[in-house]
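Peer 1: Just so it is clear, I am handing over start16.txt, which has compact mmCIF, C-alpha atoms.
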```txt
# COMPACT_ATOMS: atom_id res chain seq x y z
CA TRP T 1 -44.34 -5.47 -10.09
CA GLY T 2 -45.42 -8.47 -12.10
CA GLY T 3 -49.07 -7.42 -11.89
CA VAL T 4 -48.31 -3.93 -13.14
CA GLY T 5 -46.23 -5.39 -15.95
CA ALA T 6 -49.06 -7.74 -16.93
CA ALA T 7 -51.52 -4.85 -17.00
CA LEU T 8 -49.20 -2.84 -19.22
CA ASP T 9 -48.74 -5.83 -21.52
CA ASP T 10 -52.53 -5.96 -21.86
CA GLY T 11 -52.61 -2.29 -22.81
CA LEU T 12 -54.23 -1.19 -19.56
CA GLY T 13 -53.51 2.13 -17.88
CA PHE T 14 -53.70 2.81 -14.16
CA ASP T 15 -57.37 3.80 -14.20
CA GLU T 16 -58.39 0.52 -15.82
CA ALA T 17 -56.13 -1.61 -13.61
CA ARG T 18 -56.58 0.24 -10.33
CA ASP T 19 -59.01 -2.20 -8.70
CA VAL T 20 -56.87 -5.17 -9.71
CA VAL T 21 -53.79 -3.57 -8.14
CA VAL T 22 -55.71 -2.84 -4.92
CA ASP T 23 -56.87 -6.49 -4.81
CA ALA T 24 -53.26 -7.61 -5.30
CA CYS T 25 -52.25 -5.41 -2.37
CA TYR T 26 -54.94 -7.02 -0.21
CA SER T 27 -53.65 -10.44 -1.24
CA ILE T 28 -50.07 -9.54 -0.30
CA LEU T 29 -51.29 -8.35 3.11
CA ASN T 30 -53.28 -11.56 3.67
CA GLY T 31 -56.75 -10.34 2.87
CA THR T 32 -59.03 -7.52 3.92
CA ASN T 33 -58.08 -6.33 7.41
CA VAL T 34 -57.52 -3.05 9.20
CA VAL T 35 -53.97 -2.71 7.89
CA ALA T 36 -54.92 -3.51 4.31
CA GLU T 37 -57.99 -1.26 4.39
CA LEU T 38 -55.82 1.66 5.47
CA LEU T 39 -52.75 1.01 3.37
CA CYS T 40 -53.90 -0.43 0.05
CA PRO T 41 -56.39 2.08 -1.40
CA GLY T 42 -54.44 5.13 -0.23
CA ALA T 43 -51.00 3.93 -1.29
CA VAL T 44 -52.23 2.59 -4.63
CA ASP T 45 -54.06 5.82 -5.49
CA LEU T 46 -51.05 7.96 -4.52
CA TYR T 47 -48.31 5.92 -6.14
CA GLY T 48 -50.12 3.87 -8.78
CA PRO T 49 -50.14 6.44 -11.60
CA HIS T 50 -46.43 7.14 -11.10
CA VAL T 51 -45.51 3.46 -10.94
CA PHE T 52 -47.39 2.80 -14.18
CA ASP T 53 -45.53 5.65 -15.91
CA ILE T 54 -42.19 4.40 -14.60
CA MET T 55 -42.87 0.78 -15.54
CA GLU T 56 -43.94 1.79 -19.03
CA ALA T 57 -40.68 3.66 -19.56
CA THR T 58 -38.20 1.37 -17.80
CA THR T 59 -35.89 -1.10 -19.50
CA MET T 60 -35.21 -3.01 -16.25
CA ASN T 61 -36.63 -6.47 -15.65
CA ALA T 62 -38.43 -7.57 -12.48
CA THR T 63 -35.25 -8.84 -10.82
CA GLU T 64 -33.42 -5.55 -11.42
CA ILE T 65 -36.37 -3.54 -10.12
CA CYS T 66 -36.44 -5.73 -7.02
CA ALA T 67 -32.79 -4.93 -6.35
CA LYS T 68 -33.14 -1.20 -6.97
CA THR T 69 -36.08 -0.88 -4.59
CA ASN T 70 -34.65 -3.11 -1.82
CA ALA T 71 -37.74 -5.30 -2.23
CA CYS T 72 -35.93 -8.62 -2.66
CA ASP T 73 -36.40 -11.40 -0.17
CA GLY T 74 -33.51 -12.59 1.97
CA ARG T 75 -32.34 -15.10 -0.61
CA ASP T 76 -31.61 -12.48 -3.25
CA GLU T 77 -30.84 -9.11 -1.72
CA LYS T 78 -27.13 -9.71 -1.00
CA GLN T 79 -26.55 -10.75 -4.59
CA LEU T 80 -28.71 -8.09 -6.21
CA ASP T 81 -28.15 -5.00 -4.10
CA PRO T 82 -24.45 -4.12 -4.01
CA VAL T 83 -25.13 -0.74 -2.33
CA ARG T 84 -26.62 -2.28 0.81
CA PRO T 85 -23.90 -2.08 3.50
CA ASN T 86 -22.49 -5.17 5.11
CA GLN T 87 -24.06 -5.06 8.57
CA SER T 88 -21.24 -6.79 10.44
CA ALA T 89 -18.67 -4.47 8.85
CA LEU T 90 -20.83 -1.47 9.69
CA ARG T 91 -21.10 -2.52 13.34
CA SER T 92 -17.34 -3.03 13.51
CA MET T 93 -16.72 0.45 12.08
CA MET T 94 -19.15 1.99 14.58
CA ASN T 95 -17.42 0.23 17.47
CA GLU T 96 -14.07 1.64 16.35
CA LYS T 97 -15.54 5.14 16.31
CA GLN T 98 -16.95 4.96 19.84
CA GLY T 99 -15.66 7.80 21.97
CA ILE T 100 -14.18 9.79 19.09
CA GLY T 101 -16.27 12.83 20.11
CA LYS T 102 -14.75 12.80 23.59
CA LYS T 103 -11.24 13.60 22.39
CA SER T 104 -9.89 17.08 22.87
CA LEU T 105 -10.37 19.34 19.88
CA PRO T 106 -7.50 21.40 18.49
CA ALA T 107 -7.67 25.14 19.08
CA ASN T 108 -8.65 25.94 15.49
CA ALA T 109 -11.43 23.34 15.34
CA PHE T 110 -15.10 24.21 15.14
CA ILE T 111 -18.29 22.19 15.53
CA ILE T 112 -20.78 21.50 12.76
CA ALA T 113 -24.11 19.83 13.53
CA GLN T 114 -25.50 17.56 10.83
CA LEU T 115 -29.15 16.56 11.25
CA THR T 116 -31.29 14.27 9.15
CA ASP T 117 -34.51 12.24 9.02
CA ILE T 118 -36.48 13.94 11.77
CA HIS T 119 -39.82 12.49 10.53
CA VAL T 120 -41.88 14.31 13.12
CA ASP T 121 -45.39 12.93 13.70
CA GLU T 122 -47.88 15.39 15.14
CA GLN T 123 -50.32 12.48 15.51
CA TYR T 124 -47.96 10.58 17.83
CA PHE T 125 -50.03 9.19 20.71
CA VAL T 126 -48.58 8.10 24.03
CA GLY T 127 -49.98 4.64 24.72
CA GLY T 128 -50.64 3.92 21.05
CA ALA T 129 -49.74 0.54 19.56
CA THR T 130 -46.05 0.19 18.70
CA SER T 131 -46.67 -2.86 16.48
CA CYS T 132 -49.49 -2.27 14.02
CA GLY T 133 -48.35 -3.75 10.71
CA LEU T 134 -48.04 -0.35 9.01
CA PRO T 135 -44.95 1.68 8.07
CA VAL T 136 -45.60 3.92 11.09
CA CYS T 137 -47.51 3.19 14.31
CA CYS T 138 -48.04 4.95 17.68
CA ARG T 139 -51.26 6.67 16.69
CA GLU T 140 -54.51 6.75 18.62
CA ASP T 141 -56.63 5.19 15.86
CA LEU T 142 -54.26 2.33 14.92
CA PRO T 143 -54.85 -1.08 16.54
CA GLY T 144 -52.03 -3.41 17.49
CA LEU T 145 -49.68 -4.47 20.26
CA GLY T 146 -47.38 -2.57 22.58
CA SER T 147 -47.64 0.85 24.17
CA ALA T 148 -45.82 3.95 22.95
CA GLY T 149 -43.85 5.84 25.56
CA ARG T 150 -43.61 9.57 26.01
CA TRP T 151 -40.38 10.01 24.09
CA GLY T 152 -40.99 7.63 21.20
CA SER T 153 -40.56 4.11 19.88
CA TYR T 154 -38.30 2.54 17.29
CA THR T 155 -41.33 1.48 15.22
CA CYS T 156 -42.80 4.99 15.10
CA ASN T 157 -41.93 8.45 13.91
CA ALA T 158 -40.72 11.11 16.31
CA PRO T 159 -43.04 12.80 18.80
CA PRO T 160 -42.94 16.62 18.56
CA GLU T 161 -41.78 16.84 22.18
CA THR T 162 -38.82 14.55 21.47
CA THR T 163 -37.92 16.55 18.37
CA GLU T 164 -37.93 19.77 20.35
CA GLU T 165 -35.76 18.30 23.10
CA PHE T 166 -33.34 16.97 20.48
CA LEU T 167 -33.00 20.43 18.93
CA LYS T 168 -32.37 21.93 22.37
CA GLN T 169 -29.51 19.47 22.85
CA VAL T 170 -28.08 20.44 19.46
CA ALA T 171 -28.22 24.11 20.43
CA ALA T 172 -26.39 23.29 23.68
CA GLN T 173 -23.43 22.05 21.63
CA ASP T 174 -23.15 25.57 20.15
CA PRO T 175 -22.31 24.46 16.60
CA GLU T 176 -20.87 26.96 14.14
CA PHE T 177 -23.71 26.12 11.78
CA VAL T 178 -26.18 23.31 11.06
CA VAL T 179 -26.46 21.12 7.96
CA PHE T 180 -29.88 19.56 7.62
CA SER T 181 -30.31 16.82 5.01
CA GLY T 182 -34.08 16.58 5.07
CA ASP T 183 -36.92 14.11 5.60
CA ASN T 184 -39.45 15.92 7.77
CA PRO T 185 -42.82 14.21 7.04
CA THR T 186 -43.95 10.88 8.47
CA HIS T 187 -43.90 7.46 6.81
CA ALA T 188 -47.71 7.38 6.64
CA LEU T 189 -47.60 6.90 2.89
CA TRP T 190 -51.23 5.79 2.67
CA GLU T 191 -52.54 9.23 3.69
CA GLU T 192 -50.06 11.68 2.24
CA THR T 193 -51.29 15.02 0.92
CA LEU T 194 -49.40 17.98 -0.48
CA GLU T 195 -50.71 20.07 2.41
CA GLY T 196 -49.54 17.47 4.94
CA GLN T 197 -46.04 17.28 3.46
CA MET T 198 -45.74 21.06 3.46
CA ALA T 199 -47.09 21.31 7.02
CA ALA T 200 -44.39 18.90 8.29
CA ASN T 201 -41.70 20.92 6.54
CA GLN T 202 -43.08 24.12 8.07
CA TRP T 203 -43.23 22.57 11.55
CA VAL T 204 -39.57 21.54 11.45
CA SER T 205 -38.51 24.87 9.96
CA ASP T 206 -40.34 26.79 12.69
CA ALA T 207 -38.90 24.54 15.41
CA MET T 208 -35.35 25.06 14.15
CA LYS T 209 -35.85 28.81 13.95
CA ARG T 210 -37.19 28.86 17.51
CA LEU T 211 -34.78 26.39 19.15
CA LEU T 212 -31.58 27.10 17.21
CA PRO T 213 -31.55 30.89 17.56
CA GLY T 214 -28.79 32.69 15.75
CA LYS T 215 -27.64 29.55 13.92
CA ASN T 216 -27.45 29.32 10.16
CA VAL T 217 -29.18 26.14 8.98
CA TYR T 218 -28.30 24.87 5.49
CA PRO T 219 -31.04 22.48 4.32
CA ALA T 220 -31.20 19.93 1.53
CA MET T 221 -34.35 18.25 0.28
CA GLY T 222 -34.83 14.62 1.29
CA ASN T 223 -36.88 11.98 -0.49
CA HIS T 224 -39.85 12.57 1.84
CA GLU T 225 -40.25 16.28 1.16
CA THR T 226 -41.88 15.62 -2.19
CA PHE T 227 -45.47 14.61 -2.82
CA PRO T 228 -45.86 11.71 -3.02
CA ALA T 229 -42.68 10.81 -1.16
CA ASN T 230 -39.79 9.54 -3.29
CA MET T 231 -41.19 11.17 -6.44
CA TYR T 232 -38.93 13.77 -8.03
CA TYR T 233 -40.81 15.24 -10.96
CA MET T 234 -39.31 15.03 -14.40
CA GLU T 235 -40.79 15.91 -17.74
CA ARG T 236 -42.90 13.08 -19.12
CA ASP T 237 -44.27 12.49 -22.58
```
Output the structure of this file as structure tokens.
Peer 2:
Amino acid sequence: WGGVGAALDDGLGFDEARDVVVDACYSILNGTNVVAELLCPGAVDLYGPHVFDIMEATTMNATEICAKTNACDGRDEKQLDPVRPNQSALRSMMNEKQGIGKKSLPANAFIIAQLTDIHVDEQYFVGGATSCGLPVCCREDLPGLGSAGRWGSYTCNAPPETTEEFLKQVAAQDPEFVVFSGDNPTHALWEETLEGQMAANQWVSDAMKRLLPGKNVYPAMGNHETFPANMYYMERD
């Protein structure tokens, strides 16, 4: 953030500062390596113009931006990000709720399925590295450690096969209807394209139509449906 602010203070736009921002990204990721070569140019080119526009218009300082974007280090985030949930309290609440779904339902009750954050990855590769230093791993061309299993890994986005099995299990619950709160594309922010975002949305839509037959699905747009992700377009001067 500081580098972008310095560029703006010097009267530079994104095009003039682009190479400097890419170099700063390399520096943050400890030099030129496979991760940096993949992530830095792509992410900077996708998000850089928007970040420059936002920074030029914002009245927030660096500390406030850090808090809003959850980018603070461990020393600051509890003080600066009041919306981040207390993890111990969250675990306690979850423990209290264990088994609530096993209770008998009243006669007039009906079931609603609420789905979110599918993040299906059609490039998921069984045997791919599960630790690669990128926002999403488990792909054939990404080096790293670990081996992705058939059904997925916590450090990766969802395999199509897992997503399909999940939807079958939802259908087996016979919900009255389905509420879907979005986020279909992957977290591969360095290689996003409009076509790729739309293809992920279409894949999930087709899968729901095929595997949830006869069910009304009420969708909402998540922050990953846009291109680039997280960017909701507003009129700019």
Peer 1: Set the distance at 7 Å and use only C-alpha atoms: which residues neighbour segment 186-190 of chain T once local chain neighbours fewer than 3 positions away are removed? I'd like the list as a VMD selection string.
Peer 2: chain T and resid 38 to 39 42 to 43 119 to 121 135 to 136 157
Peer 1: Tell me, in Å to one decimal, how far atom CA of Asn223 of chain T is from atom CA of Val51 of chain T.
Peer 2: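 For atom CA of Asn223 of chain T relative to atom CA of Val51 of chain T, the distance reads 16.0 Å.
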Peer 1: In terms of the shortest atom-to-atom distance over all atoms listed in the file, which of T:Glu192, T:Val204, T:Gly149, T:Asp117 is closest to Gly222 of chain T?
Peer 2: T:Asp117
Peer 1: Could you check the closest approach to Asn230 of chain T for each of T:Trp203, T:Thr63, T:Pro185, T:Cys132 and tell me which residue wins, using all atoms listed in the file?
Peer 2: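 Closest residue, counting all atoms listed in the file: T:Pro185.
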Peer 1: Using only C-alpha atoms, can you tell me which of T:Ser131, T:Asn33, T:Thr226, T:Thr59 comes closest to Gln197 of chain T?
Peer 2: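 Using only C-alpha atoms, the shortest distance to Gln197 of chain T belongs to T:Thr226.
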Peer 1: For a test of reading the model, state the distance in Å between atom CA of Gly182 of chain T and atom CA of Ile54 of chain T, rounded to one decimal.
Peer 2: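 Going from atom CA of Gly182 of chain T over to atom CA of Ile54 of chain T, I get 24.5 Å.
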Peer 1: Report, in Å with one decimal, the straight-line distance from atom CA of Asp183 of chain T to atom CA of Met198 of chain T.
Peer 2: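 That distance, rounded to one decimal, is 11.4 Å.
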Peer 1: Please complete segment 11-22 of chain T so it has all heavy atoms, and hand it over as a PDB file, in the frame of the given file.
Peer 2:
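Listing of out-v9.pdb after writing:
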```
ATOM      1  N   GLY T  11     -52.206  -3.597 -22.322  1.00  0.00           N
ATOM      2  CA  GLY T  11     -52.610  -2.290 -22.810  1.00  0.00           C
ATOM      3  C   GLY T  11     -53.448  -1.497 -21.825  1.00  0.00           C
ATOM      4  O   GLY T  11     -54.121  -0.535 -22.214  1.00  0.00           O
ATOM      5  N   LEU T  12     -53.427  -1.868 -20.557  1.00  0.00           N
ATOM      6  CA  LEU T  12     -54.230  -1.190 -19.560  1.00  0.00           C
ATOM      7  C   LEU T  12     -53.439  -0.052 -18.901  1.00  0.00           C
ATOM      8  O   LEU T  12     -52.261  -0.203 -18.609  1.00  0.00           O
ATOM      9  CB  LEU T  12     -54.698  -2.162 -18.481  1.00  0.00           C
ATOM     10  CG  LEU T  12     -55.550  -3.351 -18.943  1.00  0.00           C
ATOM     11  CD1 LEU T  12     -55.887  -4.240 -17.758  1.00  0.00           C
ATOM     12  CD2 LEU T  12     -56.826  -2.874 -19.621  1.00  0.00           C
ATOM     13  N   GLY T  13     -54.089   1.060 -18.658  1.00  0.00           N
ATOM     14  CA  GLY T  13     -53.510   2.130 -17.880  1.00  0.00           C
ATOM     15  C   GLY T  13     -53.881   1.973 -16.423  1.00  0.00           C
ATOM     16  O   GLY T  13     -54.596   1.035 -16.035  1.00  0.00           O
ATOM     17  N   PHE T  14     -53.431   2.910 -15.594  1.00  0.00           N
ATOM     18  CA  PHE T  14     -53.700   2.810 -14.160  1.00  0.00           C
ATOM     19  C   PHE T  14     -55.198   2.814 -13.862  1.00  0.00           C
ATOM     20  O   PHE T  14     -55.671   2.027 -13.041  1.00  0.00           O
ATOM     21  CB  PHE T  14     -53.024   3.933 -13.390  1.00  0.00           C
ATOM     22  CG  PHE T  14     -53.430   3.973 -11.940  1.00  0.00           C
ATOM     23  CD1 PHE T  14     -52.958   3.015 -11.049  1.00  0.00           C
ATOM     24  CD2 PHE T  14     -54.308   4.945 -11.466  1.00  0.00           C
ATOM     25  CE1 PHE T  14     -53.357   3.023  -9.718  1.00  0.00           C
ATOM     26  CE2 PHE T  14     -54.701   4.966 -10.134  1.00  0.00           C
ATOM     27  CZ  PHE T  14     -54.225   4.000  -9.263  1.00  0.00           C
ATOM     28  N   ASP T  15     -55.934   3.695 -14.499  1.00  0.00           N
ATOM     29  CA  ASP T  15     -57.370   3.800 -14.200  1.00  0.00           C
ATOM     30  C   ASP T  15     -58.090   2.484 -14.429  1.00  0.00           C
ATOM     31  O   ASP T  15     -58.955   2.092 -13.635  1.00  0.00           O
ATOM     32  CB  ASP T  15     -58.007   4.907 -15.037  1.00  0.00           C
ATOM     33  CG  ASP T  15     -57.551   6.296 -14.617  1.00  0.00           C
ATOM     34  OD1 ASP T  15     -57.085   6.426 -13.465  1.00  0.00           O
ATOM     35  OD2 ASP T  15     -57.658   7.231 -15.433  1.00  0.00           O
ATOM     36  N   GLU T  16     -57.739   1.796 -15.520  1.00  0.00           N
ATOM     37  CA  GLU T  16     -58.390   0.520 -15.820  1.00  0.00           C
ATOM     38  C   GLU T  16     -57.939  -0.593 -14.873  1.00  0.00           C
ATOM     39  O   GLU T  16     -58.703  -1.508 -14.567  1.00  0.00           O
ATOM     40  CB  GLU T  16     -58.105   0.093 -17.263  1.00  0.00           C
ATOM     41  CG  GLU T  16     -58.695   0.994 -18.325  1.00  0.00           C
ATOM     42  CD  GLU T  16     -57.788   2.159 -18.687  1.00  0.00           C
ATOM     43  OE1 GLU T  16     -56.714   2.299 -18.061  1.00  0.00           O
ATOM     44  OE2 GLU T  16     -58.150   2.922 -19.593  1.00  0.00           O
ATOM     45  N   ALA T  17     -56.693  -0.514 -14.413  1.00  0.00           N
ATOM     46  CA  ALA T  17     -56.130  -1.610 -13.610  1.00  0.00           C
ATOM     47  C   ALA T  17     -56.171  -1.333 -12.117  1.00  0.00           C
ATOM     48  O   ALA T  17     -55.792  -2.191 -11.325  1.00  0.00           O
ATOM     49  CB  ALA T  17     -54.679  -1.861 -14.037  1.00  0.00           C
ATOM     50  N   ARG T  18     -56.661  -0.180 -11.720  1.00  0.00           N
ATOM     51  CA  ARG T  18     -56.580   0.240 -10.330  1.00  0.00           C
ATOM     52  C   ARG T  18     -57.163  -0.778  -9.360  1.00  0.00           C
ATOM     53  O   ARG T  18     -56.546  -1.149  -8.363  1.00  0.00           O
ATOM     54  CB  ARG T  18     -57.268   1.592 -10.164  1.00  0.00           C
ATOM     55  CG  ARG T  18     -57.134   2.224  -8.783  1.00  0.00           C
ATOM     56  CD  ARG T  18     -58.349   1.984  -7.919  1.00  0.00           C
ATOM     57  NE  ARG T  18     -58.247   2.635  -6.626  1.00  0.00           N
ATOM     58  CZ  ARG T  18     -59.047   2.379  -5.599  1.00  0.00           C
ATOM     59  NH1 ARG T  18     -60.025   1.490  -5.732  1.00  0.00           N
ATOM     60  NH2 ARG T  18     -58.883   2.999  -4.448  1.00  0.00           N
ATOM     61  N   ASP T  19     -58.361  -1.264  -9.624  1.00  0.00           N
ATOM     62  CA  ASP T  19     -59.010  -2.200  -8.700  1.00  0.00           C
ATOM     63  C   ASP T  19     -58.244  -3.521  -8.600  1.00  0.00           C
ATOM     64  O   ASP T  19     -58.174  -4.137  -7.527  1.00  0.00           O
ATOM     65  CB  ASP T  19     -60.458  -2.463  -9.124  1.00  0.00           C
ATOM     66  CG  ASP T  19     -61.341  -1.237  -8.933  1.00  0.00           C
ATOM     67  OD1 ASP T  19     -60.926  -0.310  -8.208  1.00  0.00           O
ATOM     68  OD2 ASP T  19     -62.446  -1.206  -9.512  1.00  0.00           O
ATOM     69  N   VAL T  20     -57.656  -3.931  -9.709  1.00  0.00           N
ATOM     70  CA  VAL T  20     -56.870  -5.170  -9.710  1.00  0.00           C
ATOM     71  C   VAL T  20     -55.623  -4.993  -8.842  1.00  0.00           C
ATOM     72  O   VAL T  20     -55.247  -5.899  -8.082  1.00  0.00           O
ATOM     73  CB  VAL T  20     -56.469  -5.563 -11.151  1.00  0.00           C
ATOM     74  CG1 VAL T  20     -55.531  -6.774 -11.146  1.00  0.00           C
ATOM     75  CG2 VAL T  20     -57.707  -5.844 -11.986  1.00  0.00           C
ATOM     76  N   VAL T  21     -54.996  -3.833  -8.934  1.00  0.00           N
ATOM     77  CA  VAL T  21     -53.790  -3.570  -8.140  1.00  0.00           C
ATOM     78  C   VAL T  21     -54.144  -3.512  -6.650  1.00  0.00           C
ATOM     79  O   VAL T  21     -53.418  -4.038  -5.801  1.00  0.00           O
ATOM     80  CB  VAL T  21     -53.116  -2.263  -8.588  1.00  0.00           C
ATOM     81  CG1 VAL T  21     -51.910  -1.946  -7.706  1.00  0.00           C
ATOM     82  CG2 VAL T  21     -52.684  -2.376 -10.051  1.00  0.00           C
ATOM     83  N   VAL T  22     -55.279  -2.886  -6.319  1.00  0.00           N
ATOM     84  CA  VAL T  22     -55.710  -2.840  -4.920  1.00  0.00           C
ATOM     85  C   VAL T  22     -55.966  -4.258  -4.408  1.00  0.00           C
ATOM     86  O   VAL T  22     -55.558  -4.610  -3.287  1.00  0.00           O
ATOM     87  CB  VAL T  22     -56.976  -1.973  -4.762  1.00  0.00           C
ATOM     88  CG1 VAL T  22     -57.546  -2.103  -3.345  1.00  0.00           C
ATOM     89  CG2 VAL T  22     -56.656  -0.513  -5.047  1.00  0.00           C
TER      90      VAL T  22
END
```
